[in-house]
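Okay, structure first, notes after.
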Amino acid sequence: MWDERFSSEHYVYGEEPNSFLVEQWDHYKLDNSSGKVLCLAEGEGRNAVYLAERGHAVTTVDLSEVGLQKSARLAAARSVDLETVHADLATYTPEPNLYSAVVMIFAHTPTDIRKRSLQIAKDALRSGGYLIIEGYTEDQIGRGTGGPGSKSMMFSKQELEQFFEPEEVLLSRELVRDIREGPLHDGEGAVVQFVARKA
(Lines give C-alpha, C1' and ligand atoms only; values in the text may rest on other atoms or scores of the structure.)
Protein backbone atom coordinates (compact mmCIF):
# COMPACT_ATOMS: atom_id res chain seq x y z
CA MET A 1 0.00 0.00 0.00
CA TRP A 2 2.75 2.46 0.89
CA ASP A 3 4.72 1.73 -2.28
CA GLU A 4 1.59 2.58 -4.24
CA ARG A 5 0.94 5.73 -2.24
CA PHE A 6 4.48 6.98 -2.75
CA SER A 7 4.63 6.03 -6.43
CA SER A 8 3.78 9.49 -7.82
CA GLU A 9 6.56 11.88 -8.83
CA HIS A 10 5.49 14.51 -6.30
CA TYR A 11 5.92 14.16 -2.54
CA VAL A 12 2.48 13.33 -1.17
CA TYR A 13 3.32 14.78 2.28
CA GLY A 14 5.44 17.60 0.88
CA GLU A 15 9.17 18.18 0.83
CA GLU A 16 9.37 20.45 3.87
CA PRO A 17 9.74 19.17 7.44
CA ASN A 18 6.92 18.83 9.93
CA SER A 19 6.48 22.20 11.67
CA PHE A 20 6.18 20.68 15.15
CA LEU A 21 9.50 18.88 14.67
CA VAL A 22 11.19 22.11 13.59
CA GLU A 23 9.71 24.01 16.54
CA GLN A 24 10.82 21.46 19.12
CA TRP A 25 14.24 20.91 17.58
CA ASP A 26 14.95 24.61 17.87
CA HIS A 27 13.33 24.95 21.31
CA TYR A 28 15.54 22.26 22.85
CA LYS A 29 18.60 23.36 20.84
CA LEU A 30 19.16 19.83 19.56
CA ASP A 31 21.70 20.96 16.98
CA ASN A 32 24.04 21.26 19.97
CA SER A 33 23.73 17.54 20.78
CA SER A 34 26.23 15.18 19.25
CA GLY A 35 25.33 11.74 17.99
CA LYS A 36 22.93 10.17 15.54
CA VAL A 37 19.24 10.65 14.76
CA LEU A 38 16.78 7.84 14.00
CA CYS A 39 13.59 8.55 12.01
CA LEU A 40 11.04 5.72 12.22
CA ALA A 41 8.36 5.22 9.54
CA GLU A 42 9.81 8.25 7.78
CA GLY A 43 8.15 7.72 4.40
CA GLU A 44 9.48 10.02 1.70
CA GLY A 45 12.18 11.53 3.89
CA ARG A 46 11.24 15.18 4.38
CA ASN A 47 12.07 15.23 8.10
CA ALA A 48 15.21 13.12 7.77
CA VAL A 49 16.57 15.34 5.00
CA TYR A 50 15.87 18.46 7.05
CA LEU A 51 17.85 17.05 9.98
CA ALA A 52 20.69 15.97 7.70
CA GLU A 53 20.80 19.52 6.33
CA ARG A 54 21.38 20.67 9.89
CA GLY A 55 24.47 18.48 10.09
CA HIS A 56 23.14 15.36 11.79
CA ALA A 57 23.92 11.75 10.88
CA VAL A 58 20.43 10.47 10.14
CA THR A 59 19.12 6.93 9.74
CA THR A 60 15.68 6.72 8.15
CA VAL A 61 13.65 3.52 8.44
CA ASP A 62 10.58 2.64 6.39
CA LEU A 63 8.64 -0.34 5.08
CA SER A 64 8.34 1.21 1.61
CA GLU A 65 11.24 0.85 -0.81
CA VAL A 66 9.63 3.52 -2.98
CA GLY A 67 9.52 5.90 -0.03
CA LEU A 68 13.19 5.24 0.72
CA GLN A 69 14.11 5.85 -2.92
CA LYS A 70 12.34 9.19 -2.78
CA SER A 71 14.14 9.96 0.49
CA ALA A 72 17.48 9.30 -1.19
CA ARG A 73 16.47 11.43 -4.18
CA LEU A 74 15.46 14.35 -1.96
CA ALA A 75 18.70 14.03 0.00
CA ALA A 76 20.74 14.10 -3.20
CA ALA A 77 18.86 17.19 -4.40
CA ARG A 78 19.71 18.90 -1.10
CA SER A 79 23.35 17.66 -1.17
CA VAL A 80 23.16 15.67 2.08
CA ASP A 81 23.60 12.02 3.00
CA LEU A 82 21.11 9.67 4.64
CA GLU A 83 21.38 6.09 5.80
CA THR A 84 18.22 4.42 4.52
CA VAL A 85 17.01 1.15 6.05
CA HIS A 86 14.28 -0.93 4.43
CA ALA A 87 12.64 -2.67 7.38
CA ASP A 88 9.35 -3.64 8.97
CA LEU A 89 8.95 -2.13 12.45
CA ALA A 90 7.43 -5.45 13.51
CA THR A 91 10.92 -6.96 13.33
CA TYR A 92 13.42 -4.08 13.09
CA THR A 93 15.84 -3.73 16.01
CA PRO A 94 18.34 -0.85 15.99
CA GLU A 95 21.46 -0.70 18.10
CA PRO A 96 20.47 0.27 21.65
CA ASN A 97 21.57 3.39 23.52
CA LEU A 98 22.98 4.95 20.36
CA TYR A 99 20.81 7.83 19.18
CA SER A 100 20.67 11.38 20.51
CA ALA A 101 17.15 11.73 19.09
CA VAL A 102 14.38 9.52 17.73
CA VAL A 103 11.69 11.08 15.55
CA MET A 104 8.24 9.60 14.84
CA ILE A 105 6.05 11.91 12.75
CA PHE A 106 2.64 10.48 11.79
CA ALA A 107 4.11 7.00 12.19
CA HIS A 108 0.74 5.25 12.24
CA THR A 109 0.73 1.45 12.45
CA PRO A 110 -1.49 -1.29 13.92
CA THR A 111 -1.60 -1.36 17.72
CA ASP A 112 0.94 -4.15 18.29
CA ILE A 113 3.47 -2.59 15.92
CA ARG A 114 2.91 0.88 17.42
CA LYS A 115 3.72 -0.46 20.88
CA ARG A 116 6.81 -2.20 19.55
CA SER A 117 7.85 1.01 17.74
CA LEU A 118 7.62 2.96 20.98
CA GLN A 119 9.79 0.35 22.68
CA ILE A 120 12.27 0.56 19.79
CA ALA A 121 12.43 4.33 20.27
CA LYS A 122 12.98 4.07 24.02
CA ASP A 123 15.68 1.42 23.67
CA ALA A 124 17.48 3.18 20.81
CA LEU A 125 17.90 6.46 22.69
CA ARG A 126 21.06 7.06 24.60
CA SER A 127 20.90 8.62 28.08
CA GLY A 128 19.77 12.22 27.72
CA GLY A 129 18.39 11.60 24.21
CA TYR A 130 15.14 13.13 22.99
CA LEU A 131 12.04 11.52 21.53
CA ILE A 132 9.79 13.68 19.35
CA ILE A 133 6.36 12.39 18.28
CA GLU A 134 3.43 13.93 16.47
CA GLY A 135 0.51 11.78 15.39
CA TYR A 136 -3.22 11.86 14.87
CA THR A 137 -5.63 11.03 17.70
CA GLU A 138 -9.03 9.35 17.52
CA ASP A 139 -10.63 12.80 17.13
CA GLN A 140 -9.14 12.91 13.62
CA ILE A 141 -11.58 10.24 12.41
CA GLY A 142 -14.03 11.75 9.95
CA ARG A 143 -12.18 15.03 9.36
CA GLY A 144 -10.96 13.99 5.93
CA THR A 145 -7.68 15.89 6.26
CA GLY A 146 -5.28 12.96 6.68
CA GLY A 147 -4.44 9.91 8.73
CA PRO A 148 -5.75 6.34 8.88
CA GLY A 149 -9.43 5.57 9.23
CA SER A 150 -9.03 3.17 12.15
CA LYS A 151 -9.10 4.31 15.78
CA SER A 152 -6.78 1.46 16.71
CA MET A 153 -3.98 3.05 14.67
CA MET A 154 -4.16 6.41 16.41
CA PHE A 155 -1.92 7.81 19.15
CA SER A 156 -3.08 9.19 22.48
CA LYS A 157 -1.56 11.42 25.13
CA GLN A 158 -2.43 8.89 27.84
CA GLU A 159 -0.77 5.98 26.04
CA LEU A 160 2.44 7.90 25.42
CA GLU A 161 2.69 9.20 28.97
CA GLN A 162 2.13 5.74 30.43
CA PHE A 163 4.55 4.07 28.05
CA PHE A 164 7.41 6.48 28.70
CA GLU A 165 7.08 6.64 32.47
CA PRO A 166 9.47 7.17 34.30
CA GLU A 167 11.35 9.07 31.56
CA GLU A 168 11.27 12.87 31.67
CA VAL A 169 8.18 14.01 29.76
CA LEU A 170 8.83 17.54 28.51
CA LEU A 171 5.68 18.09 26.48
CA SER A 172 2.45 16.12 26.16
CA ARG A 173 -0.71 17.65 24.69
CA GLU A 174 -3.63 16.96 22.41
CA LEU A 175 -4.94 19.73 20.18
CA VAL A 176 -6.44 20.58 16.82
CA ARG A 177 -4.10 22.47 14.52
CA ASP A 178 -3.80 23.49 10.88
CA ILE A 179 -1.54 21.11 8.96
CA ARG A 180 -0.32 21.82 5.41
CA GLU A 181 1.96 18.96 4.40
CA GLY A 182 1.30 18.06 0.78
CA PRO A 183 -2.04 16.87 -0.60
CA LEU A 184 -2.56 14.10 1.99
CA HIS A 185 -2.18 16.24 5.14
CA ASP A 186 -4.20 19.33 4.31
CA GLY A 187 -6.43 21.07 6.83
CA GLU A 188 -7.27 20.99 10.51
CA GLY A 189 -5.94 17.89 12.23
CA ALA A 190 -6.48 16.46 15.72
CA VAL A 191 -3.03 15.50 16.98
CA VAL A 192 -1.01 14.54 20.00
CA GLN A 193 2.38 16.22 20.40
CA PHE A 194 4.89 14.55 22.69
CA VAL A 195 8.50 15.16 23.68
CA ALA A 196 10.41 13.07 26.22
CA ARG A 197 14.01 12.88 27.38
CA LYS A 198 15.58 9.57 28.37
CA ALA A 199 16.80 9.52 31.94
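Each chain in the C-alpha coordinates gets a letter, A, B, ..., in the order shown, and its residues are numbered from 1; ligands are numbered from 1 in order too.
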Write out as a PyMOL selection string which residues come within 9 Å of Val169 of chain A when counting only C-alpha atoms, dropping same-chain ones fewer than 2 positions away.
chain A and resi 161+164-167+171-172+194-198
To one decimal place, how far is atom CA of Ser71 of chain A from atom CA of Glu83 of chain A in Å?
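According to the coordinates, atom CA of Ser71 of chain A and atom CA of Glu83 of chain A are separated by 9.8 Å.
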What residues in segment 2-190 of chain A get the DSSP label strand (DSSP E)? Please answer as a PyMOL selection string.
chain A and resi 36-40+57-62+83-86+99-105+125-136+168-181+185-190
For Ala75 of chain A, please output as a list of chain:residue names all residues within 10 Å (counting only C-alpha atoms; exclusion window: fewer than 3 positions along the same chain).
A:Gly45, A:Arg46, A:Ala48, A:Val49, A:Tyr50, A:Ala52, A:Glu53, A:Gln69, A:Lys70, A:Ser71, A:Ala72, A:Arg78, A:Ser79, A:Val80, A:Asp81, A:Leu82
Residues at most 12 Å from Tyr28 of chain A, counting only C-alpha atoms, excluding those fewer than 3 positions away in the same chain, as a VMD selection string?
chain A and resid 21 to 25 31 to 33 101 128 to 132 170 to 171 195 to 197
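Using only C-alpha atoms, the smallest distance between any of A:Arg177, A:Lys157, A:His108, A:His56 and Leu30 of chain A comes from A:His56.
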Of A:Glu42, A:Leu51, A:Phe163, A:Gln140, the one sitting nearest Asp26 of chain A when using only C-alpha atoms is A:Leu51
Do you have the atom CA of Ser8 of chain A-atom CA of Pro183 of chain A distance handy?
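Rounded to one decimal, the two atoms are 11.9 Å apart.
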